[in-house]
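Engineer: Data file upload.cif (mmCIF, C-alpha atoms and all ligand atoms) is appended below.
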```cif
data_work
#
loop_
_atom_site.label_atom_id
_atom_site.label_comp_id
_atom_site.auth_asym_id
_atom_site.auth_seq_id
_atom_site.Cartn_x
_atom_site.Cartn_y
_atom_site.Cartn_z
CA MET A 1 42.82 -7.36 56.20
CA GLN A 2 41.63 -4.74 53.74
CA VAL A 3 44.38 -3.67 51.32
CA GLU A 4 43.80 -1.11 48.58
CA ILE A 5 46.05 0.34 45.88
CA ASP A 6 45.63 4.04 45.08
CA GLY A 7 44.08 4.18 41.60
CA ASN A 8 45.89 7.49 40.90
CA SER A 9 49.36 6.09 41.63
CA GLY A 10 51.59 4.41 39.05
CA PHE A 11 53.61 5.85 36.18
CA CYS A 12 52.89 9.32 34.82
CA ALA A 13 52.36 9.82 31.07
CA GLY A 14 56.03 10.77 30.48
CA VAL A 15 57.38 7.61 32.11
CA ILE A 16 54.77 5.39 30.42
CA ASN A 17 55.86 6.77 27.04
CA ALA A 18 59.59 6.26 27.76
CA ILE A 19 59.09 2.67 28.92
CA ARG A 20 56.79 1.82 26.01
CA THR A 21 59.36 3.24 23.60
CA ALA A 22 62.10 1.15 25.23
CA GLU A 23 59.96 -2.00 25.14
CA GLU A 24 59.16 -1.51 21.45
CA TRP A 25 62.86 -1.28 20.51
CA LEU A 26 63.81 -4.12 22.84
CA GLY A 27 61.09 -6.30 21.29
CA GLN A 28 62.57 -5.56 17.86
CA ASP A 29 66.35 -5.69 18.56
CA GLY A 30 66.73 -7.34 21.98
CA HIS A 31 69.17 -4.61 23.04
CA LEU A 32 69.07 -0.86 23.59
CA TYR A 33 71.36 1.61 25.34
CA CYS A 34 69.70 4.07 27.71
CA LEU A 35 71.46 7.21 28.94
CA GLY A 36 70.91 6.96 32.72
CA ASP A 37 68.16 5.05 34.53
CA ILE A 38 64.95 5.27 32.53
CA VAL A 39 63.02 5.44 35.80
CA HIS A 40 64.08 5.94 39.45
CA ASN A 41 62.94 2.50 40.47
CA SER A 42 65.41 -0.38 40.79
CA GLU A 43 62.79 -3.16 40.45
CA GLU A 44 61.53 -1.75 37.14
CA MET A 45 65.12 -1.21 35.98
CA GLN A 46 65.91 -4.88 36.67
CA ARG A 47 62.85 -5.94 34.64
CA LEU A 48 63.96 -3.81 31.66
CA SER A 49 67.57 -4.94 32.02
CA ARG A 50 66.40 -8.58 31.68
CA MET A 51 64.75 -7.52 28.39
CA GLY A 52 68.07 -6.12 27.12
CA LEU A 53 68.16 -2.48 28.25
CA GLU A 54 71.74 -1.40 28.98
CA VAL A 55 72.12 1.74 31.04
CA ILE A 56 75.19 3.83 30.24
CA SER A 57 76.70 6.89 31.91
CA HIS A 58 77.49 10.15 30.13
CA ASP A 59 81.19 9.16 30.08
CA GLN A 60 80.35 5.89 28.35
CA PHE A 61 78.05 7.77 25.96
CA ARG A 62 80.98 9.97 24.86
CA GLN A 63 83.01 6.86 23.96
CA LEU A 64 80.18 5.21 22.03
CA ARG A 65 80.11 5.12 18.19
CA ASN A 66 77.54 3.93 15.63
CA ALA A 67 74.90 2.89 18.17
CA ARG A 68 71.30 3.58 19.15
CA VAL A 69 70.61 5.30 22.49
CA LEU A 70 67.36 6.09 24.26
CA ILE A 71 66.95 9.45 25.97
CA ARG A 72 64.62 9.11 28.93
CA ALA A 73 61.69 11.35 29.97
CA HIS A 74 63.98 13.73 31.96
CA GLY A 75 65.50 15.03 28.71
CA GLU A 76 69.09 16.04 27.92
CA PRO A 77 71.05 19.25 27.25
CA PRO A 78 71.96 20.24 23.64
CA GLU A 79 75.50 18.92 24.25
CA THR A 80 74.19 15.34 24.24
CA TYR A 81 72.62 15.79 20.79
CA ARG A 82 75.85 17.34 19.48
CA ILE A 83 77.92 14.35 20.69
CA ALA A 84 75.38 11.96 19.16
CA LYS A 85 75.72 13.66 15.78
CA GLU A 86 79.52 13.56 15.89
CA ASN A 87 79.65 9.89 16.95
CA ASN A 88 76.98 8.62 14.57
CA ILE A 89 74.64 7.74 17.45
CA GLU A 90 70.96 7.37 16.63
CA ILE A 91 68.91 9.05 19.36
CA ILE A 92 65.57 7.53 20.33
CA ASP A 93 64.12 10.55 22.04
CA ALA A 94 61.61 9.79 24.81
CA THR A 95 61.89 13.22 26.47
CA CYS A 96 58.53 13.92 28.10
CA LYS A 97 56.47 16.50 26.17
CA VAL A 98 56.11 18.60 29.33
CA VAL A 99 59.88 18.68 29.86
CA LEU A 100 60.48 19.39 26.17
CA HIS A 101 58.12 22.35 26.31
CA LEU A 102 59.92 23.67 29.40
CA GLN A 103 63.31 23.28 27.70
CA GLN A 104 62.05 25.25 24.68
CA THR A 105 60.53 27.99 26.87
CA ILE A 106 63.80 28.41 28.82
CA LYS A 107 65.80 28.50 25.58
CA GLU A 108 63.53 31.20 24.11
CA GLN A 109 63.63 33.24 27.30
CA TYR A 110 67.42 33.03 27.43
CA GLU A 111 67.82 33.98 23.77
CA GLN A 112 65.33 36.87 23.98
CA CYS A 113 66.68 38.40 27.17
CA GLY A 114 70.40 37.94 26.67
CA LYS A 115 72.91 37.44 29.42
CA GLU A 116 71.80 40.46 31.45
CA THR A 117 68.71 38.58 32.69
CA GLN A 118 69.39 35.75 35.14
CA ILE A 119 67.56 32.52 34.34
CA LEU A 120 66.76 30.94 37.70
CA ILE A 121 65.85 27.25 37.93
CA PHE A 122 64.31 25.86 41.09
CA GLY A 123 65.44 22.22 41.11
CA LYS A 124 67.67 19.53 42.49
CA ARG A 125 71.29 20.34 41.60
CA GLY A 126 72.71 17.60 39.35
CA HIS A 127 69.31 16.02 38.63
CA ALA A 128 69.11 14.91 34.99
CA GLU A 129 66.15 17.15 34.16
CA VAL A 130 67.87 20.17 35.73
CA VAL A 131 71.07 19.50 33.77
CA GLY A 132 68.94 19.47 30.60
CA LEU A 133 67.27 22.76 31.58
CA VAL A 134 70.51 24.54 32.45
CA GLY A 135 71.86 23.34 29.09
CA GLN A 136 69.26 25.54 27.35
CA THR A 137 71.04 28.60 28.80
CA ALA A 138 74.54 27.56 27.66
CA GLY A 139 75.26 26.83 31.32
CA HIS A 140 74.38 30.34 32.55
CA GLY A 141 71.21 29.35 34.45
CA LEU A 142 71.43 29.61 38.24
CA VAL A 143 70.07 26.55 40.07
CA LEU A 144 68.26 27.22 43.34
CA SER A 145 67.79 24.00 45.29
CA SER A 146 65.83 25.51 48.17
CA PRO A 147 64.18 28.84 49.11
CA ALA A 148 67.34 29.62 51.14
CA ASP A 149 69.31 29.75 47.85
CA ALA A 150 67.43 32.97 46.97
CA ALA A 151 70.37 34.67 48.76
CA ASN A 152 72.58 33.75 45.75
CA ILE A 153 70.60 35.89 43.30
CA ASP A 154 72.08 39.13 41.97
CA TYR A 155 69.16 41.48 42.72
CA SER A 156 70.69 44.33 40.72
CA ARG A 157 69.85 42.40 37.53
CA PRO A 158 66.48 41.26 36.11
CA SER A 159 65.60 37.60 36.63
CA HIS A 160 63.07 35.04 35.44
CA LEU A 161 62.33 31.96 37.53
CA PHE A 162 61.34 28.47 36.30
CA SER A 163 60.87 25.24 38.24
CA GLN A 164 61.91 21.67 37.55
CA THR A 165 58.67 19.87 36.68
CA THR A 166 58.62 17.61 39.74
CA GLN A 167 59.36 20.17 42.46
CA ASN A 168 57.26 20.81 45.55
CA PRO A 169 54.66 23.53 44.62
CA GLU A 170 54.51 24.94 48.17
CA GLU A 171 58.29 25.41 48.27
CA TYR A 172 58.20 26.96 44.80
CA GLN A 173 55.59 29.49 45.98
CA GLN A 174 57.73 30.20 49.06
CA LEU A 175 60.73 30.89 46.81
CA ILE A 176 58.66 33.14 44.51
CA ASP A 177 57.47 35.16 47.53
CA ILE A 178 61.00 35.57 48.92
CA ILE A 179 62.42 36.78 45.59
CA ARG A 180 59.44 39.05 44.88
CA GLU A 181 59.73 40.65 48.33
CA GLU A 182 63.46 41.27 47.92
CA TYR A 183 63.02 43.00 44.53
CA ALA A 184 60.13 45.05 46.01
CA ARG A 185 62.27 46.01 49.02
CA ARG A 186 64.90 47.36 46.61
CA GLY A 187 62.23 49.33 44.71
CA THR A 188 62.57 47.25 41.51
CA PRO A 189 59.59 44.83 41.55
CA GLY A 190 59.39 44.92 37.73
CA LEU A 191 62.75 43.16 37.38
CA PHE A 192 61.33 39.81 38.53
CA SER A 193 59.06 37.41 36.66
CA TYR A 194 58.40 33.69 36.87
CA SER A 195 56.62 30.84 35.06
CA ASP A 196 54.37 28.14 36.48
CA THR A 197 56.22 25.04 35.26
CA ILE A 198 55.49 22.28 37.79
CA CYS A 199 53.93 19.29 36.03
CA HIS A 200 50.18 18.97 36.55
CA SER A 201 50.39 15.22 37.03
CA VAL A 202 52.50 15.85 40.15
CA VAL A 203 50.27 18.71 41.37
CA ASN A 204 47.08 16.65 40.88
CA ARG A 205 48.58 13.61 42.52
CA ALA A 206 49.67 15.68 45.51
CA ARG A 207 46.07 16.87 45.96
CA GLN A 208 44.64 13.35 45.77
CA ILE A 209 47.23 11.40 47.75
CA GLY A 210 46.69 13.22 51.05
CA GLU A 211 42.99 12.41 50.87
CA PHE A 212 43.79 8.75 50.06
CA ALA A 213 46.22 8.49 53.00
CA ARG A 214 43.61 9.62 55.54
CA HIS A 215 41.33 6.65 54.79
CA PHE A 216 43.61 3.86 56.09
CA ASP A 217 45.20 2.67 59.32
CA LYS A 218 48.55 2.27 57.54
CA ILE A 219 50.01 3.55 54.30
CA ILE A 220 52.76 1.79 52.37
CA PHE A 221 54.45 4.28 50.08
CA VAL A 222 56.54 2.54 47.40
CA SER A 223 59.26 4.59 45.73
CA GLY A 224 62.87 4.63 44.58
CA GLU A 225 65.29 6.62 46.75
CA LYS A 226 66.27 8.96 43.91
CA SER A 227 62.76 10.03 42.95
CA SER A 228 62.18 13.78 43.57
CA ASN A 229 58.42 13.54 43.51
CA GLY A 230 58.59 10.31 45.55
CA LEU A 231 59.98 12.15 48.57
CA TYR A 232 57.53 15.00 48.09
CA LEU A 233 54.47 12.70 47.83
CA TYR A 234 55.68 10.52 50.70
CA ASN A 235 55.86 13.59 52.97
CA ILE A 236 52.27 14.52 52.04
CA CYS A 237 51.14 10.99 52.99
CA LYS A 238 53.08 11.19 56.26
CA ASP A 239 51.51 14.59 57.11
CA ASN A 240 48.05 13.13 56.54
CA ASN A 241 48.71 9.74 58.13
CA PRO A 242 51.56 9.32 60.65
CA HIS A 243 51.44 5.55 60.07
CA THR A 244 52.96 5.94 56.61
CA HIS A 245 55.92 3.69 55.75
CA LEU A 246 58.29 4.31 52.86
CA ILE A 247 59.64 1.16 51.23
CA THR A 248 62.11 1.04 48.38
CA ASP A 249 62.02 -2.75 47.97
CA MET A 250 59.79 -5.67 48.93
CA ALA A 251 62.17 -6.98 51.62
CA GLN A 252 61.44 -3.91 53.79
CA LEU A 253 57.83 -5.07 54.21
CA SER A 254 58.97 -7.69 56.73
CA GLN A 255 59.96 -4.85 59.13
CA ILE A 256 56.39 -3.51 59.26
CA HIS A 257 53.87 -5.05 61.63
CA PHE A 258 50.33 -5.55 60.28
CA ASP A 259 47.30 -6.48 62.40
CA ALA A 260 44.59 -8.67 60.92
CA ALA A 261 42.05 -5.86 61.36
CA ASP A 262 44.26 -3.21 59.68
CA THR A 263 43.15 -1.27 56.63
CA VAL A 264 46.18 -0.65 54.42
CA GLY A 265 46.58 1.78 51.52
CA ILE A 266 49.36 1.36 48.95
CA CYS A 267 50.56 4.26 46.82
CA GLY A 268 53.72 5.54 45.15
CA ALA A 269 55.59 8.07 43.03
CA THR A 270 55.18 8.82 39.32
CA SER A 271 58.07 6.38 38.79
CA THR A 272 56.53 3.47 40.77
CA PRO A 273 55.20 0.68 38.55
CA MET A 274 51.68 -0.60 39.17
CA TRP A 275 52.94 -4.23 38.99
CA LEU A 276 55.22 -3.51 41.97
CA MET A 277 52.37 -2.10 44.06
CA GLN A 278 50.33 -5.19 43.16
CA SER A 279 53.20 -7.43 44.34
CA VAL A 280 53.34 -5.43 47.59
CA LYS A 281 49.61 -6.01 48.05
CA GLN A 282 50.02 -9.78 47.51
CA GLN A 283 52.94 -9.90 49.92
CA ILE A 284 50.93 -8.12 52.65
CA LEU A 285 47.96 -10.45 52.17
CA ASN A 286 50.10 -13.63 51.89
CA PRO A 287 53.34 -13.02 53.83
S1 LIG B 301 56.19 14.00 36.08
FE1 LIG B 301 55.24 15.21 34.44
S2 LIG B 301 56.96 16.18 33.43
FE2 LIG B 301 57.84 14.53 34.62
S3 LIG B 301 57.91 12.81 33.19
FE3 LIG B 301 55.98 12.66 34.28
S4 LIG B 301 54.48 13.70 32.95
FE4 LIG B 301 56.54 14.31 32.30
#
```
Produce structure tokens that represent the structure in this file.
Structural biologist:
Amino acid sequence: MQVEIDGNSGFCAGVINAIRTAEEWLGQDGHLYCLGDIVHNSEEMQRLSRMGLEVISHDQFRQLRNARVLIRAHGEPPETYRIAKENNIEIIDATCKVVLHLQQTIKEQYEQCGKETQILIFGKRGHAEVVGLVGQTAGHGLVLSSPADAANIDYSRPSHLFSQTTQNPEEYQQLIDIIREEYARRGTPGLFSYSDTICHSVVNRARQIGEFARHFDKIIFVSGEKSSNGLYLYNICKDNNPHTHLITDMAQLSQIHFDAADTVGICGATSTPMWLMQSVKQQILNP
């Protein structure tokens, strides 16, 4: 059986940086708090937990004093930094540079335009990155989780649209078109503007992964259930190869039937570790 791992899959730069930062501190101290899962992948979380990483919730964070806490690549709202200052918490900030830039852009836009302009954020409601982005607008940003949410916009006011970095670019374009058309229909097209803020590592991977999926009899897509880009990339694989299987852990491999003559491609989300895809490959070859 021929089994190949997609060379473009594996962690993105933001996740690599966050995990490296965690490993450095864990190597030094043997323990580090992390605010939320550092990566949406339970196997990688278990590996880091064995090294001493302790994931805490925001409620636990508020109770913490005199400690050191890692902020993951998704970033955090200003409120988190304020609490850290009050409670003598040292922040190890691993916010991805791309997310940080987006946070700063949203903050500037909000401060320049004032409350009259609606800041619209296309993203998953409650997702850590989105919470951090809305925090830049003192909570005034309006989250749109699908193009259908365009109905919630107040079209009598100006608006500027941003996207969570890991959103689906096609859906984002669809949303832009809907909003633009509605402002145009009302004779106020100048009231709407938007920024292209989807991360290029997701956009590039989306372009490559469909091509990869077409070359194999079966595709095994490895991803955590909570990964936004995981679902998006999985659907691209499925559109290009109907024999695409999503697995969230190794045990699910036993439910997939492989023929000796099969060619199998393995790929994953920006939060899927390469070591896990290698283990999947070994398991397929030596069940
Ligand atoms: S997907 Fe892009 S924005 Fe998100 S953590 Fe990775 S590099 Fe950063």
Engineer: Find the residues near His140 of chain A: any atom within 12 Å, counting only C-alpha atoms, skip ones fewer than 4 places away on the same chain, and give them as a PyMOL selection string.
Structural biologist: chain A and resi 106-107+110-111+114-121+131+133-136
Engineer: Please identify all protein, DNA and RNA residues within 10 Å of ligand LIG 301 (chain B), counting all atoms listed in the file, and report them as a compact mmCIF listing (two decimals) with C-alpha atoms, in the coordinates of the input.
Structural biologist:
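Here's the written file part33.txt:
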```txt
# COMPACT_ATOMS: atom_id res chain seq x y z
CA PHE A 11 53.61 5.85 36.18
CA CYS A 12 52.89 9.32 34.82
CA ALA A 13 52.36 9.82 31.07
CA GLY A 14 56.03 10.77 30.48
CA VAL A 15 57.38 7.61 32.11
CA ILE A 16 54.77 5.39 30.42
CA ASN A 17 55.86 6.77 27.04
CA ALA A 18 59.59 6.26 27.76
CA VAL A 39 63.02 5.44 35.80
CA ARG A 72 64.62 9.11 28.93
CA ALA A 73 61.69 11.35 29.97
CA HIS A 74 63.98 13.73 31.96
CA GLY A 75 65.50 15.03 28.71
CA ALA A 94 61.61 9.79 24.81
CA THR A 95 61.89 13.22 26.47
CA CYS A 96 58.53 13.92 28.10
CA LYS A 97 56.47 16.50 26.17
CA VAL A 98 56.11 18.60 29.33
CA VAL A 99 59.88 18.68 29.86
CA LEU A 100 60.48 19.39 26.17
CA HIS A 101 58.12 22.35 26.31
CA LEU A 102 59.92 23.67 29.40
CA GLU A 129 66.15 17.15 34.16
CA GLN A 164 61.91 21.67 37.55
CA THR A 165 58.67 19.87 36.68
CA THR A 166 58.62 17.61 39.74
CA GLN A 167 59.36 20.17 42.46
CA THR A 197 56.22 25.04 35.26
CA ILE A 198 55.49 22.28 37.79
CA CYS A 199 53.93 19.29 36.03
CA HIS A 200 50.18 18.97 36.55
CA SER A 201 50.39 15.22 37.03
CA VAL A 202 52.50 15.85 40.15
CA VAL A 203 50.27 18.71 41.37
CA ARG A 205 48.58 13.61 42.52
CA SER A 228 62.18 13.78 43.57
CA ASN A 229 58.42 13.54 43.51
CA ALA A 269 55.59 8.07 43.03
CA THR A 270 55.18 8.82 39.32
CA SER A 271 58.07 6.38 38.79
```
Engineer: Atom CA of Tyr232 of chain A and atom CA of Ser42 of chain A are how many Å apart?
Structural biologist: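 Taking atom CA of Tyr232 of chain A and atom CA of Ser42 of chain A, their separation equals 18.8 Å.
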Engineer: To one decimal place in Å, what is the distance between atom CA of Ser227 of chain A and atom CA of Ile83 of chain A?
Structural biologist: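 Distance reported for this atom pair: 27.3 Å.
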Engineer: Between A:Pro169, A:Gly268, A:Gly139, A:Gly187, single out the one closest to Asp6 of chain A, counting all atoms listed in the file.
Structural biologist: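 Among the listed residues, A:Gly268 lies closest to Asp6 of chain A.
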Engineer: So how far away is atom CA of Asp93 of chain A from atom CA of Asn41 of chain A, in Å?
Structural biologist: 20.1 Å
Engineer: So which residues are close to (57.0, 5.7, 56.8), meaning at most 12 Å away in the file's coordinates with all atoms listed in the file counted, and can you show them as a PDB file with C-alpha atoms, in the frame of the given file?
Structural biologist:
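And here is the file that came out, selection13.pdb:
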```pdb
ATOM      1  CA  ALA A 213      46.220   8.490  53.000  1.00  0.00           C
ATOM      2  CA  LYS A 218      48.550   2.270  57.540  1.00  0.00           C
ATOM      3  CA  ILE A 219      50.010   3.550  54.300  1.00  0.00           C
ATOM      4  CA  ILE A 220      52.760   1.790  52.370  1.00  0.00           C
ATOM      5  CA  PHE A 221      54.450   4.280  50.080  1.00  0.00           C
ATOM      6  CA  VAL A 222      56.540   2.540  47.400  1.00  0.00           C
ATOM      7  CA  SER A 223      59.260   4.590  45.730  1.00  0.00           C
ATOM      8  CA  LEU A 231      59.980  12.150  48.570  1.00  0.00           C
ATOM      9  CA  LEU A 233      54.470  12.700  47.830  1.00  0.00           C
ATOM     10  CA  TYR A 234      55.680  10.520  50.700  1.00  0.00           C
ATOM     11  CA  ASN A 235      55.860  13.590  52.970  1.00  0.00           C
ATOM     12  CA  ILE A 236      52.270  14.520  52.040  1.00  0.00           C
ATOM     13  CA  CYS A 237      51.140  10.990  52.990  1.00  0.00           C
ATOM     14  CA  LYS A 238      53.080  11.190  56.260  1.00  0.00           C
ATOM     15  CA  ASP A 239      51.510  14.590  57.110  1.00  0.00           C
ATOM     16  CA  ASN A 240      48.050  13.130  56.540  1.00  0.00           C
ATOM     17  CA  ASN A 241      48.710   9.740  58.130  1.00  0.00           C
ATOM     18  CA  PRO A 242      51.560   9.320  60.650  1.00  0.00           C
ATOM     19  CA  HIS A 243      51.440   5.550  60.070  1.00  0.00           C
ATOM     20  CA  THR A 244      52.960   5.940  56.610  1.00  0.00           C
ATOM     21  CA  HIS A 245      55.920   3.690  55.750  1.00  0.00           C
ATOM     22  CA  LEU A 246      58.290   4.310  52.860  1.00  0.00           C
ATOM     23  CA  ILE A 247      59.640   1.160  51.230  1.00  0.00           C
ATOM     24  CA  THR A 248      62.110   1.040  48.380  1.00  0.00           C
ATOM     25  CA  GLN A 252      61.440  -3.910  53.790  1.00  0.00           C
ATOM     26  CA  LEU A 253      57.830  -5.070  54.210  1.00  0.00           C
ATOM     27  CA  GLN A 255      59.960  -4.850  59.130  1.00  0.00           C
ATOM     28  CA  ILE A 256      56.390  -3.510  59.260  1.00  0.00           C
ATOM     29  CA  ILE A 266      49.360   1.360  48.950  1.00  0.00           C
ATOM     30  CA  CYS A 267      50.560   4.260  46.820  1.00  0.00           C
TER      31      CYS A 267
END
```
Engineer: Would you kindly return, as a PyMOL selection string, each protein, DNA or RNA residue with an atom no farther than 12 Å from any atom of Gln173 of chain A, considering all atoms listed in the file and excluding same-chain residues fewer than 5 positions away?
Structural biologist: chain A and resi 122+146-147+161-163+167-168+178-180+194-198
Engineer: Please determine, counting all atoms listed in the file, which residue among A:Thr137, A:Val143, A:Ser9, A:Met277 has the shortest atom-to-atom distance to Pro78 of chain A.
Structural biologist: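 That would be A:Thr137, the residue with the smallest distance to Pro78 of chain A.
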Engineer: Using all atoms of segment 257-272 of chain A that appear in the file, construct an axis-aligned enclosing box with 6 Å of padding on every side and provide its centre coordinates and edge lengths in Å, rounded to one decimal, as lines of an AutoDock Vina configuration file.
Structural biologist:
```
center_x = 50.1
center_y = 0.1
center_z = 50.6
size_x = 28.0
size_y = 29.5
size_z = 35.6
```
Engineer: Might you pull out every residue within 9 Å of Ser193 of chain A, with all atoms listed in the file counted and same-chain residues fewer than 4 positions away left off, and present them as a VMD selection string?
Structural biologist: chain A and resid 158 to 161 176 180 189
Engineer: If we count all atoms listed in the file and set the cut-off at 12 Å, which residues sit around Glu43 of chain A, ignoring sequence neighbours fewer than 5 positions away in its own chain? Please answer as a short mmCIF file (atom, residue, chain, number, x, y, z; two decimals) with C-alpha atoms, in the frame of the given file.
Structural biologist:
```
data_model
loop_
_atom_site.label_atom_id
_atom_site.label_comp_id
_atom_site.auth_asym_id
_atom_site.auth_seq_id
_atom_site.Cartn_x
_atom_site.Cartn_y
_atom_site.Cartn_z
CA ASP A 37 68.16 5.05 34.53
CA ILE A 38 64.95 5.27 32.53
CA LEU A 48 63.96 -3.81 31.66
CA SER A 49 67.57 -4.94 32.02
CA ARG A 50 66.40 -8.58 31.68
CA VAL A 222 56.54 2.54 47.40
CA SER A 223 59.26 4.59 45.73
CA GLY A 224 62.87 4.63 44.58
CA GLU A 225 65.29 6.62 46.75
CA THR A 248 62.11 1.04 48.38
CA ASP A 249 62.02 -2.75 47.97
CA MET A 250 59.79 -5.67 48.93
CA ALA A 251 62.17 -6.98 51.62
CA SER A 271 58.07 6.38 38.79
CA THR A 272 56.53 3.47 40.77
CA PRO A 273 55.20 0.68 38.55
CA MET A 274 51.68 -0.60 39.17
CA TRP A 275 52.94 -4.23 38.99
CA LEU A 276 55.22 -3.51 41.97
CA MET A 277 52.37 -2.10 44.06
CA SER A 279 53.20 -7.43 44.34
#
```
Engineer: Report as a ChimeraX atom specification all protein, DNA and RNA residues lying within 12 Å of Glu86 of chain A, evaluated on all atoms listed in the file, omitting residues in the same chain fewer than 4 positions from it.
Structural biologist: /A:61-67,79-82,90
Engineer: Quick one: of A:Lys85, A:Ser57, A:Arg157, A:Phe258, who's nearest to Leu285 of chain A, counting only C-alpha atoms?
Structural biologist: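 Of the candidates, the smallest distance to Leu285 of chain A is held by A:Phe258.
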